[in-house]
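Asker: Dropping in structure21.cif, with mmCIF, C-alpha atoms.
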```cif
data_input
#
loop_
_atom_site.label_atom_id
_atom_site.label_comp_id
_atom_site.auth_asym_id
_atom_site.auth_seq_id
_atom_site.Cartn_x
_atom_site.Cartn_y
_atom_site.Cartn_z
CA MET K 10 115.65 99.20 74.01
CA LYS K 11 113.87 95.94 74.63
CA LYS K 12 110.22 95.67 73.65
CA LEU K 13 107.98 95.81 76.71
CA GLU K 14 106.35 92.46 77.34
CA GLU K 15 102.59 92.45 76.79
CA ARG K 16 101.84 91.52 80.41
CA PHE K 17 103.52 94.79 81.46
CA SER K 18 102.36 96.99 78.58
CA ASN K 19 98.78 95.96 79.41
CA LEU K 20 99.20 97.68 82.79
CA ILE K 21 99.62 101.08 81.12
CA GLU K 22 96.27 102.84 80.66
CA LYS K 23 96.32 104.97 77.51
CA ASP K 24 93.46 107.21 78.71
CA LYS K 25 95.23 108.07 81.99
CA PHE K 26 98.44 109.79 83.05
CA ASN K 27 100.64 106.87 84.15
CA ILE K 28 102.93 107.73 87.08
CA ILE K 29 105.62 105.54 88.61
CA LEU K 30 106.39 106.32 92.25
CA HIS K 31 109.74 104.92 93.38
CA PRO K 32 109.85 105.46 97.17
CA LYS K 33 113.06 103.66 98.16
CA SER K 34 116.72 103.94 97.14
CA GLN K 35 118.20 100.73 98.55
CA GLY K 36 119.86 102.91 101.16
CA SER K 37 121.84 104.94 98.62
CA GLY K 38 120.35 108.31 99.53
CA ARG K 39 117.86 110.36 101.46
CA GLU K 40 114.30 109.31 100.78
CA TRP K 41 111.05 111.23 100.74
CA PRO K 42 109.01 109.89 103.68
CA MET K 43 106.44 107.14 103.12
CA GLU K 44 103.74 109.37 104.63
CA ASN K 45 104.43 111.94 101.90
CA PHE K 46 103.99 109.27 99.22
CA ILE K 47 100.75 108.17 100.90
CA ASN K 48 99.45 111.73 101.01
CA LEU K 49 100.45 112.29 97.38
CA ILE K 50 98.63 109.13 96.28
CA ASN K 51 95.52 110.08 98.25
CA SER K 52 95.52 113.55 96.67
CA LEU K 53 95.61 112.25 93.08
CA ASP K 54 92.38 111.57 91.19
CA THR K 55 92.50 107.91 90.14
CA ASP K 56 90.09 108.67 87.29
CA LEU K 57 92.90 110.72 85.76
CA TYR K 58 96.03 109.02 87.06
CA LYS K 59 97.24 105.42 87.02
CA ILE K 60 99.75 105.07 89.85
CA PHE K 61 102.47 102.41 90.00
CA ILE K 62 104.76 101.66 92.92
CA SER K 63 108.18 100.36 91.90
CA GLY K 64 111.16 99.07 93.79
CA THR K 65 113.04 95.89 94.48
CA GLN K 66 111.67 92.74 96.05
CA LYS K 67 113.92 93.40 99.08
CA GLU K 68 112.14 96.73 99.65
CA ARG K 69 108.68 95.14 99.75
CA GLU K 70 108.41 95.05 103.55
CA ALA K 71 109.58 98.65 103.92
CA MET K 72 106.88 99.80 101.49
CA GLN K 73 104.01 97.78 102.93
CA LEU K 74 102.85 100.89 104.79
CA ILE K 75 101.92 102.47 101.45
CA PHE K 76 99.87 99.50 100.31
CA ASP K 77 98.10 99.24 103.65
CA ALA K 78 97.17 102.95 103.48
CA VAL K 79 96.09 103.31 99.85
CA GLY K 80 94.97 99.84 98.79
CA ALA K 81 93.68 99.58 95.23
CA LYS K 82 94.69 103.15 94.29
CA VAL K 83 98.08 101.81 93.19
CA THR K 84 99.48 98.97 91.12
CA ASP K 85 102.42 97.14 92.65
CA ILE K 86 105.24 96.52 90.18
CA LYS K 87 108.01 95.94 92.74
CA GLY K 88 110.40 93.20 91.81
CA VAL K 89 108.37 91.83 88.87
CA MET K 90 110.54 93.09 85.98
CA ASP K 91 114.17 92.73 85.09
CA LEU K 92 116.09 95.96 84.50
CA TYR K 93 115.52 95.92 80.73
CA GLN K 94 111.76 95.53 81.12
CA PHE K 95 111.71 98.21 83.83
CA ILE K 96 113.52 100.64 81.52
CA SER K 97 110.97 99.90 78.80
CA PHE K 98 108.15 100.34 81.34
CA ILE K 99 109.53 103.73 82.40
CA ASN K 100 109.63 104.67 78.73
CA GLN K 101 105.91 103.83 78.38
CA ALA K 102 104.89 105.77 81.52
CA ASN K 103 104.21 109.50 81.56
CA ALA K 104 106.19 110.41 84.68
CA LEU K 105 108.35 109.07 87.48
CA VAL K 106 108.67 110.50 90.99
CA ALA K 107 111.62 109.54 93.21
CA SER K 108 114.43 110.85 95.33
CA GLY K 109 117.83 110.89 93.62
CA THR K 110 118.03 107.23 92.64
CA GLY K 111 118.68 105.17 89.51
CA PRO K 112 115.14 105.05 88.09
CA LEU K 113 114.95 108.85 88.24
CA HIS K 114 118.13 109.08 86.16
CA ILE K 115 116.75 106.52 83.70
CA ALA K 116 113.53 108.53 83.29
CA GLY K 117 115.50 111.72 82.72
CA ALA K 118 117.79 110.05 80.17
CA LEU K 119 114.74 108.68 78.32
CA GLY K 120 113.27 112.18 78.07
CA LYS K 121 110.38 111.33 80.39
CA ASN K 122 108.89 113.62 83.03
CA ALA K 123 111.25 112.93 85.92
CA ILE K 124 110.38 114.55 89.26
CA GLY K 125 113.29 114.39 91.69
CA ILE K 126 113.09 115.15 95.39
CA TYR K 127 116.45 116.00 96.99
CA PRO K 128 117.85 117.10 100.35
CA PRO K 129 119.65 120.45 100.57
CA ARG K 130 122.84 118.80 101.84
CA LYS K 131 126.24 119.26 100.28
CA LEU K 132 127.49 116.19 98.39
CA ILE K 133 123.99 114.69 97.98
CA ASN K 134 122.14 117.73 96.65
CA PRO K 135 120.78 118.14 93.11
CA GLN K 136 123.65 120.36 91.99
CA ARG K 137 125.73 117.20 92.06
CA TRP K 138 123.20 114.37 91.60
CA LYS K 139 120.20 115.67 89.68
CA ALA K 140 118.80 113.59 86.88
CA LEU K 141 119.60 115.01 83.47
CA GLY K 142 116.96 115.56 80.83
CA ASP K 143 114.79 118.28 79.35
CA LYS K 144 111.72 117.14 81.28
CA THR K 145 113.39 116.79 84.68
CA GLN K 146 112.05 118.83 87.60
CA ILE K 147 113.92 119.11 90.87
CA PHE K 148 112.41 119.81 94.28
CA VAL K 149 114.73 120.82 97.11
CA LEU K 150 114.33 123.21 100.04
CA ASN K 151 116.21 126.48 99.73
CA LYS K 152 118.13 126.18 102.98
CA ILE K 153 121.19 124.52 104.43
CA CYS K 154 120.45 121.18 106.04
CA SER K 155 122.95 120.54 108.80
CA ASP K 156 120.96 118.73 111.46
CA CYS K 157 120.40 115.43 109.64
CA LYS K 158 123.95 114.09 109.91
CA GLU K 159 123.48 110.33 109.57
CA ARG K 160 123.82 109.27 105.94
CA ASN K 161 120.37 107.73 105.51
CA SER K 162 118.62 108.95 108.61
CA TYR K 163 115.25 110.64 108.71
CA CYS K 164 115.54 114.07 107.15
CA HIS K 165 112.95 116.71 107.99
CA CYS K 166 114.16 118.71 104.98
CA MET K 167 112.86 115.95 102.71
CA LYS K 168 109.58 115.75 104.62
CA GLU K 169 109.06 119.50 104.26
CA ILE K 170 108.82 119.14 100.49
CA GLY K 171 105.07 118.65 100.67
CA PRO K 172 102.96 116.22 98.65
CA LEU K 173 100.79 119.08 97.36
CA LEU K 174 103.84 120.61 95.72
CA ILE K 175 104.52 117.36 93.85
CA LYS K 176 100.80 116.99 93.04
CA ALA K 177 100.78 120.50 91.54
CA ALA K 178 103.74 119.56 89.31
CA LEU K 179 101.96 116.37 88.18
CA ASP K 180 98.69 118.23 87.57
CA LYS K 181 100.58 120.74 85.42
CA LEU K 182 102.11 117.90 83.39
CA TYR K 183 98.70 116.27 83.01
#
```
I'd like the structure from this file rewritten - as structure tokens, please.

Answerer:
Amino acid sequence: MKKLEERFSNLIEKDKFNIILHPKSQGSGREWPMENFINLINSLDTDLYKIFISGTQKEREAMQLIFDAVGAKVTDIKGVMDLYQFISFINQANALVASGTGPLHIAGALGKNAIGIYPPRKLINPQRWKALGDKTQIFVLNKICSDCKERNSYCHCMKEIGPLLIKAALDKLY
């Protein structure tokens, strides 16, 4: 693994629980709604948690809603690292929260606390796509989702996995 550059390692706060939130998936899967990420961020105590928002430069506009809503509660790391530095950054963080997307799998493979949020839809559910790792936690509704047919459309089943449920998992890890 590449050594994390000092300009990125300096972002990690050793006296806080460092969380990476990865809201988007570049259209590869169902995503937890932005409003849920906003509510999660607003529920976390920033004296205890350091919160990072990751993603690609192309996703910047789609995530602006988060930055407008939470301001200085988060640190924007979208599009500032190459993949090798991002992997090293994930390795330095305490946890990563995302829907079933690449960074979640990286966190799981690194043995980090990986919190995955999945839809209960056949072929894209966690039974098939969950991140592997001893510290991986999966959140999915216990129901059959059949009314969200478009591949990447809004999914109320994802929205129903509430921010307080994810906060409780993070608080337990803390």

Asker: Pick from K:Lys11, K:Pro172, K:Asn100, K:Ser108: nearest to Phe46 of chain K, with all atoms listed in the file counted?

Answerer: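 Checking each candidate against Phe46 of chain K, we get K:Pro172 as the closest.
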
Asker: If I take atom CA of Val149 of chain K and atom CA of Leu53 of chain K, how far is one from the other in Å, to one decimal?

Answerer: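 About the pair atom CA of Val149 of chain K and atom CA of Leu53 of chain K: they are 21.3 Å apart.
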
Asker: Could you state which residues are captured by the PyMOL selection byres ((chain K and resi 173) around 10) in this file, as a PyMOL selection string?

Answerer: chain K and resi 45+48-49+52-53+170-172+174-179

Asker: Work out how far apart atom CA of Ile115 of chain K and atom CA of Cys164 of chain K are and give it in Å to one decimal.

Answerer: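 If I compute the distance from atom CA of Ile115 of chain K to atom CA of Cys164 of chain K, I get 24.7 Å.
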
Asker: So that I can check the surroundings of Thr65 of chain K, please list as an MDAnalysis selection string every protein, DNA and RNA residue that reaches within 6 Å of it, counting all atoms listed in the file and ignoring chain neighbours fewer than 2 positions away.

Answerer: chainID K and resid 67:68 87:88

Asker: Considering all atoms listed in the file, state which residue in the set K:Gly111, K:Lys25, K:Ser97, K:Ile47 is at the smallest distance from Asp77 of chain K.

Answerer: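 The shortest atom-to-atom distance to Asp77 of chain K comes from K:Ile47.
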
Asker: Could you name the residues that touch Glu15 of chain K at 12 Å or less, counting only C-alpha atoms, but leaving out those on the same chain fewer than 5 positions away, as an mmCIF file with C-alpha atoms, in the frame of the given file?

Answerer:
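Result went into out.cif, see below:
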```cif
data_model
loop_
_atom_site.group_PDB
_atom_site.id
_atom_site.type_symbol
_atom_site.label_atom_id
_atom_site.label_comp_id
_atom_site.auth_asym_id
_atom_site.auth_seq_id
_atom_site.Cartn_x
_atom_site.Cartn_y
_atom_site.Cartn_z
ATOM 1 C CA LEU K 20 99.200 97.680 82.790
ATOM 2 C CA ILE K 21 99.620 101.080 81.120
ATOM 3 C CA GLN K 94 111.760 95.530 81.120
ATOM 4 C CA SER K 97 110.970 99.900 78.800
ATOM 5 C CA PHE K 98 108.150 100.340 81.340
ATOM 6 C CA GLN K 101 105.910 103.830 78.380
#
```

Asker: Please indicate the distance in Å from atom CA of Glu22 of chain K to atom CA of Gly125 of chain K, rounded to one decimal place.

Answerer: 23.3 Å

Asker: Pick the closest to Leu57 of chain K from K:Glu40, K:Ser18, K:Ala102, K:Tyr183: which is it, counting only C-alpha atoms?

Answerer: K:Tyr183

Asker: If the PyMOL selection byres ((chain K and resi 145) around 12) is run on the structure shown, which residues does it catch, given as an mmCIF file with C-alpha atoms, in the coordinates of the input?

Answerer:
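Contents of result_39.cif, freshly written:
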```
data_model
loop_
_atom_site.group_PDB
_atom_site.id
_atom_site.type_symbol
_atom_site.label_atom_id
_atom_site.label_comp_id
_atom_site.auth_asym_id
_atom_site.auth_seq_id
_atom_site.Cartn_x
_atom_site.Cartn_y
_atom_site.Cartn_z
ATOM 1 C CA ALA K 104 106.190 110.410 84.680
ATOM 2 C CA LEU K 105 108.350 109.070 87.480
ATOM 3 C CA VAL K 106 108.670 110.500 90.990
ATOM 4 C CA ALA K 107 111.620 109.540 93.210
ATOM 5 C CA GLY K 109 117.830 110.890 93.620
ATOM 6 C CA LEU K 113 114.950 108.850 88.240
ATOM 7 C CA HIS K 114 118.130 109.080 86.160
ATOM 8 C CA ILE K 115 116.750 106.520 83.700
ATOM 9 C CA ALA K 116 113.530 108.530 83.290
ATOM 10 C CA GLY K 117 115.500 111.720 82.720
ATOM 11 C CA ALA K 118 117.790 110.050 80.170
ATOM 12 C CA LEU K 119 114.740 108.680 78.320
ATOM 13 C CA GLY K 120 113.270 112.180 78.070
ATOM 14 C CA LYS K 121 110.380 111.330 80.390
ATOM 15 C CA ASN K 122 108.890 113.620 83.030
ATOM 16 C CA ALA K 123 111.250 112.930 85.920
ATOM 17 C CA ILE K 124 110.380 114.550 89.260
ATOM 18 C CA GLY K 125 113.290 114.390 91.690
ATOM 19 C CA ILE K 126 113.090 115.150 95.390
ATOM 20 C CA PRO K 135 120.780 118.140 93.110
ATOM 21 C CA LYS K 139 120.200 115.670 89.680
ATOM 22 C CA ALA K 140 118.800 113.590 86.880
ATOM 23 C CA LEU K 141 119.600 115.010 83.470
ATOM 24 C CA GLY K 142 116.960 115.560 80.830
ATOM 25 C CA ASP K 143 114.790 118.280 79.350
ATOM 26 C CA LYS K 144 111.720 117.140 81.280
ATOM 27 C CA GLN K 146 112.050 118.830 87.600
ATOM 28 C CA ILE K 147 113.920 119.110 90.870
ATOM 29 C CA PHE K 148 112.410 119.810 94.280
ATOM 30 C CA ALA K 178 103.740 119.560 89.310
ATOM 31 C CA LEU K 179 101.960 116.370 88.180
ATOM 32 C CA LEU K 182 102.110 117.900 83.390
#
```

Asker: Could you check the closest approach to Met72 of chain K for each of K:Arg39, K:Lys12, K:Lys23, K:His31 and tell me which residue wins, using all atoms listed in the file?

Answerer: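 Answer, going by the shortest atom-to-atom distance: K:His31.
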
Asker: Applying the PyMOL selection byres ((chain K and resi 166-168) around 6) to the file I just gave you, which residues come out? Please list them as a compact mmCIF listing (two decimals) with C-alpha atoms, keeping the file's coordinate frame.

Answerer:
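As a result, result-v1.txt now contains:
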```txt
# COMPACT_ATOMS: atom_id res chain seq x y z
CA TRP K 41 111.05 111.23 100.74
CA PRO K 42 109.01 109.89 103.68
CA PRO K 128 117.85 117.10 100.35
CA CYS K 164 115.54 114.07 107.15
CA HIS K 165 112.95 116.71 107.99
CA GLU K 169 109.06 119.50 104.26
CA ILE K 170 108.82 119.14 100.49
```

Asker: Given the choices K:Thr84, K:Asn151, K:Gln73, K:Asn51, which gets closest to Phe17 of chain K if the distance is worked out from all atoms listed in the file?

Answerer: K:Thr84
